[in-house]
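Novice: So that you have it, the file is my_file_14.txt, and it contains compact mmCIF, C-alpha atoms and all ligand atoms:
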# COMPACT_ATOMS: atom_id res chain seq x y z
CA MET A 1 49.88 -75.35 11.57
CA PRO A 2 53.71 -75.33 11.69
CA TYR A 3 55.80 -75.60 14.88
CA THR A 4 53.29 -77.74 16.77
CA GLY A 5 55.99 -80.01 18.19
CA GLU A 6 56.43 -83.75 18.43
CA ALA A 7 54.63 -84.14 21.78
CA PHE A 8 51.49 -82.51 20.35
CA MET A 9 51.49 -84.79 17.29
CA LEU A 10 52.19 -87.94 19.32
CA LYS A 11 49.30 -87.15 21.69
CA ARG A 12 47.00 -86.43 18.78
CA LEU A 13 47.85 -89.73 17.06
CA SER A 14 47.97 -91.95 20.15
CA GLU A 15 44.89 -90.56 21.91
CA PRO A 16 42.34 -90.00 19.15
CA SER A 17 38.93 -88.69 20.10
CA PRO A 18 36.28 -91.47 20.12
CA ASN A 19 34.10 -89.15 18.00
CA VAL A 20 36.59 -88.97 15.14
CA HIS A 21 37.47 -91.72 12.68
CA GLN A 22 40.75 -91.10 10.92
CA LEU A 23 41.68 -93.12 7.84
CA VAL A 24 45.10 -93.20 6.22
CA ALA A 25 45.69 -93.87 2.51
CA ALA A 26 48.85 -95.89 1.74
CA TRP A 27 50.59 -96.10 -1.66
CA ASP A 28 53.58 -98.45 -2.03
CA GLY A 29 53.97 -98.48 1.75
CA LEU A 30 53.91 -94.69 2.10
CA ALA A 31 51.21 -92.74 3.92
CA VAL A 32 50.03 -90.33 1.21
CA GLY A 33 46.69 -89.07 2.47
CA MET A 34 44.19 -88.97 5.25
CA GLY A 35 40.47 -88.62 5.68
CA SER A 36 38.37 -88.06 8.76
CA LEU A 37 34.76 -88.37 9.84
CA MET A 38 33.85 -86.33 12.91
CA LEU A 39 30.60 -87.48 14.50
CA GLY A 40 28.06 -84.94 15.75
CA MET A 41 26.97 -84.90 19.40
CA GLY A 42 23.63 -84.38 21.15
CA ARG A 43 21.08 -82.87 18.77
CA ARG A 44 23.59 -83.29 15.96
CA ARG A 45 24.15 -87.00 16.48
CA HIS A 46 22.47 -87.70 13.12
CA SER A 47 25.25 -85.81 11.38
CA GLY A 48 28.97 -85.82 10.69
CA ASP A 49 31.65 -83.69 9.07
CA ILE A 50 34.34 -84.96 6.77
CA PHE A 51 37.74 -83.82 5.61
CA LEU A 52 40.15 -85.22 3.00
CA PHE A 53 43.77 -84.47 2.29
CA ILE A 54 46.02 -86.20 -0.29
CA HIS A 55 49.71 -85.39 -0.85
CA ASP A 56 49.82 -83.41 -4.12
CA ASP A 57 52.37 -85.80 -5.69
CA TYR A 58 49.62 -88.44 -5.56
CA TRP A 59 46.62 -86.51 -6.89
CA GLY A 60 44.61 -87.95 -9.77
CA ARG A 61 45.17 -91.62 -8.89
CA GLY A 62 41.77 -92.31 -7.36
CA ILE A 63 42.97 -92.03 -3.76
CA GLY A 64 40.59 -89.19 -2.82
CA ARG A 65 37.66 -91.08 -4.31
CA ALA A 66 38.63 -94.25 -2.40
CA LEU A 67 38.98 -92.42 0.93
CA LEU A 68 35.70 -90.56 0.45
CA GLY A 69 33.97 -93.87 -0.38
CA ALA A 70 35.30 -95.42 2.84
CA LEU A 71 34.17 -92.42 4.93
CA LEU A 72 30.69 -92.48 3.37
CA ASP A 73 30.44 -96.24 3.98
CA LEU A 74 31.14 -95.60 7.68
CA ALA A 75 28.63 -92.76 7.76
CA ASP A 76 25.86 -94.56 5.85
CA ASN A 77 26.19 -98.22 6.71
CA TRP A 78 27.59 -98.18 10.23
CA TYR A 79 26.32 -94.98 11.83
CA GLY A 80 23.24 -94.39 9.63
CA LEU A 81 23.96 -90.66 9.52
CA SER A 82 21.43 -88.43 7.75
CA ARG A 83 23.63 -85.43 7.14
CA ILE A 84 27.26 -85.17 6.10
CA GLY A 85 28.81 -81.70 5.90
CA LEU A 86 32.13 -80.30 4.77
CA GLU A 87 33.85 -77.09 3.77
CA ALA A 88 36.13 -76.37 0.82
CA SER A 89 37.81 -73.39 -0.76
CA PRO A 90 35.61 -71.87 -3.53
CA SER A 91 38.58 -72.15 -5.93
CA ASN A 92 39.07 -75.85 -5.19
CA ASP A 93 37.34 -77.17 -8.33
CA ARG A 94 38.92 -80.57 -7.90
CA ALA A 95 37.47 -81.18 -4.43
CA ILE A 96 34.10 -79.63 -5.26
CA ALA A 97 33.79 -81.87 -8.37
CA LEU A 98 34.63 -84.95 -6.29
CA TYR A 99 32.03 -84.09 -3.65
CA GLU A 100 29.33 -83.22 -6.20
CA THR A 101 29.69 -86.65 -7.83
CA HIS A 102 28.95 -88.14 -4.38
CA GLY A 103 25.71 -86.21 -3.87
CA PHE A 104 26.98 -83.14 -2.00
CA VAL A 105 25.45 -79.78 -2.94
CA ARG A 106 26.62 -76.24 -2.24
CA GLU A 107 24.66 -74.81 0.69
CA GLY A 108 26.30 -71.46 1.23
CA LEU A 109 29.42 -69.39 1.61
CA LYS A 110 31.24 -68.58 4.86
CA ARG A 111 32.91 -65.23 4.27
CA ALA A 112 36.47 -64.52 5.49
CA ASP A 113 36.47 -67.97 7.06
CA VAL A 114 40.12 -69.06 7.01
CA ILE A 115 43.61 -67.63 6.60
CA LEU A 116 45.27 -69.11 3.49
CA GLU A 117 48.79 -67.96 2.70
CA GLY A 118 48.25 -64.88 4.86
CA GLN A 119 44.93 -63.86 3.27
CA LEU A 120 41.38 -64.22 4.53
CA GLU A 121 39.49 -66.60 2.26
CA ASP A 122 35.87 -67.68 1.99
CA SER A 123 34.75 -71.31 2.36
CA VAL A 124 32.00 -73.11 0.47
CA VAL A 125 29.74 -75.11 2.77
CA MET A 126 28.54 -78.38 1.20
CA GLY A 127 26.18 -81.03 2.50
CA ARG A 128 24.63 -84.36 1.61
CA ILE A 129 21.31 -85.43 3.14
CA ARG A 130 20.33 -89.08 3.20
CA LEU A 131 17.18 -89.73 5.19
CA ALA A 132 16.61 -93.16 6.68
CA PRO A 133 13.79 -95.07 4.90
CA ALA A 134 10.43 -94.86 6.67
CA PRO A 135 9.49 -98.13 8.44
CA ALA A 136 7.31 -100.41 6.31
CA GLU A 137 3.68 -100.94 7.37
CA GLY A 138 3.51 -103.66 10.00
CA ASP A 139 7.11 -103.23 11.13
CA PRO A 140 7.51 -103.21 14.91
CA THR A 141 7.86 -99.63 16.24
C1 LIG B 201 40.55 -82.91 -3.48
C2 LIG B 201 41.46 -84.12 -3.32
C3 LIG B 201 41.10 -84.82 -2.00
C4 LIG B 201 41.21 -85.09 -4.50
O1 LIG B 201 42.03 -86.23 -4.31
P1 LIG B 201 42.57 -87.10 -5.55
O2 LIG B 201 43.20 -88.31 -4.98
O3 LIG B 201 43.38 -86.26 -6.46
O4 LIG B 201 41.19 -87.44 -6.28
P2 LIG B 201 40.88 -88.65 -7.26
O5 LIG B 201 42.09 -88.99 -8.08
O6 LIG B 201 40.25 -89.76 -6.50
O7 LIG B 201 39.82 -87.97 -8.22
C5 LIG B 201 38.49 -87.80 -7.72
C6 LIG B 201 37.74 -86.75 -8.48
O8 LIG B 201 38.38 -85.48 -8.33
C7 LIG B 201 38.03 -84.68 -9.46
N1 LIG B 201 39.25 -84.34 -10.17
C8 LIG B 201 40.39 -85.05 -10.28
N2 LIG B 201 41.29 -84.38 -11.01
C9 LIG B 201 40.68 -83.21 -11.37
C10 LIG B 201 41.09 -82.08 -12.11
N3 LIG B 201 42.31 -81.99 -12.66
N4 LIG B 201 40.22 -81.06 -12.25
C11 LIG B 201 38.98 -81.11 -11.71
N5 LIG B 201 38.55 -82.17 -10.99
C12 LIG B 201 39.39 -83.20 -10.83
C13 LIG B 201 37.16 -85.53 -10.35
O9 LIG B 201 35.81 -85.35 -9.98
C14 LIG B 201 37.62 -86.92 -9.97
O10 LIG B 201 36.68 -87.89 -10.28
P3 LIG B 201 36.89 -88.81 -11.62
O11 LIG B 201 38.17 -89.53 -11.40
O12 LIG B 201 35.68 -89.70 -11.63
O13 LIG B 201 36.95 -87.85 -12.78
C15 LIG B 201 42.96 -83.70 -3.34
O14 LIG B 201 43.17 -82.91 -4.49
C16 LIG B 201 43.42 -82.93 -2.11
O15 LIG B 201 43.78 -83.52 -1.11
N6 LIG B 201 43.44 -81.60 -2.17
C17 LIG B 201 43.95 -80.78 -1.08
C18 LIG B 201 43.06 -80.84 0.16
C19 LIG B 201 41.62 -80.59 -0.18
O16 LIG B 201 41.32 -79.79 -1.04
N7 LIG B 201 40.72 -81.29 0.52
C20 LIG B 201 39.29 -81.14 0.26
C21 LIG B 201 38.64 -80.15 1.16
S1 LIG B 201 37.90 -81.02 2.54
I'd like the structure from this file rewritten - as structure tokens, please.
Ligand SMILES: CC(C)(COP(=O)(O)OP(=O)(O)OC[C@H]1O[C@@H](n2cnc3c(N)ncnc32)[C@H](O)[C@@H]1OP(=O)(O)O)[C@@H](O)C(=O)NCCC(=O)NCCS

Specialist:
Amino acid sequence: MPYTGEAFMLKRLSEPSPNVHQLVAAWDGLAVGMGSLMLGMGRRRHSGDIFLFIHDDYWGRGIGRALLGALLDLADNWYGLSRIGLEASPSNDRAIALYETHGFVREGLKRADVILEGQLEDSVVMGRIRLAPAPAEGDPT
């Protein structure tokens, strides 16, 4: 969103929500991308939502894949999340291909979901389910 102002951005960067992990991708000392994992609350505490954004001058260099790998490592190996969700534009073949190679599947379409360049656009909802292994027989409960 344009015209948000410096104070808004400073607050957002210096007081991040404890439920959101934000990662920055650096290339030759420049910040060129970001990724976030937003943790679910209450009855959604088994789940999280992710978002990726790479500067278009740096696409195709493996940065998106690296950021997504880091976010999924957090989700799987530190939080043990069962469900990861995300949304992408239906025309965003690049992002959809990246997510499909990491086990995400298309779950549905949100119609007239966002305004893109002044037009209402749909969003594809994608998700990846990874259930925790059942305890082995004899394990303490
Ligand atoms: C989608 C996005 C994150 C990909 O980042 P990236 O750094 O270019 O991606 P990578 O270089 O790591 O490539 C990862 C995968 O993207 C896909 N991809 C890359 N270039 C592609 C192209 N020209 N056409 C189709 N798919 C392509 C491939 O699956 C690729 O995997 P591979 O290298 O094993 O073939 C980036 O384009 C972006 O930020 N787009 C704008 C914001 C956005 O769409 N975010 C996603 C919605 S949450």

Novice: Just give me the gap between CA of Ala88 in chain A and CA of Trp59 in chain A in Å, one decimal is fine.

Specialist: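 We find that CA of Ala88 in chain A and CA of Trp59 in chain A lie 16.5 Å from each other.
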
Novice: Counting only C-alpha atoms and all ligand atoms, figure out which residue out of A:Glu137, A:Glu121, A:Asp49, A:Asp76 gets nearest to ligand LIG 201 (chain B).

Specialist: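 For ligand LIG 201 (chain B), the nearest of the candidates is A:Asp49.
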
Novice: Taking only C-alpha atoms and all ligand atoms into account, which residues have an atom no farther than 9 Å from ligand LIG 201 (chain B)? I'd like them as a ChimeraX atom specification.

Specialist: /A:33-35,50-56,58-68,86-89,92-101

Novice: Excluding Arg83 in chain A and any residue of its chain fewer than 3 positions from it, enumerate the residues within 9 Å of it, using only C-alpha atoms, and give them as a list of chain:residue names.

Specialist: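 Once the adjacent positions are removed, what remains is A:His46, A:Ser47, A:Gly48, A:Asp49, A:Ala75, A:Gly127, A:Arg128, A:Ile129, A:Arg130, A:Leu131.
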
Novice: Which one of A:Val24, A:Arg44, A:Ile84, A:Gly69 sits closest to Val105 in chain A if you count all atoms listed in the file?

Specialist: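 Among A:Val24, A:Arg44, A:Ile84, A:Gly69, it is A:Ile84 that comes nearest to Val105 in chain A.
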
Novice: What gap, in Å, lies between CA of Ser14 in chain A and CA of Arg43 in chain A?

Specialist: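 For CA of Ser14 in chain A relative to CA of Arg43 in chain A, the distance reads 28.4 Å.
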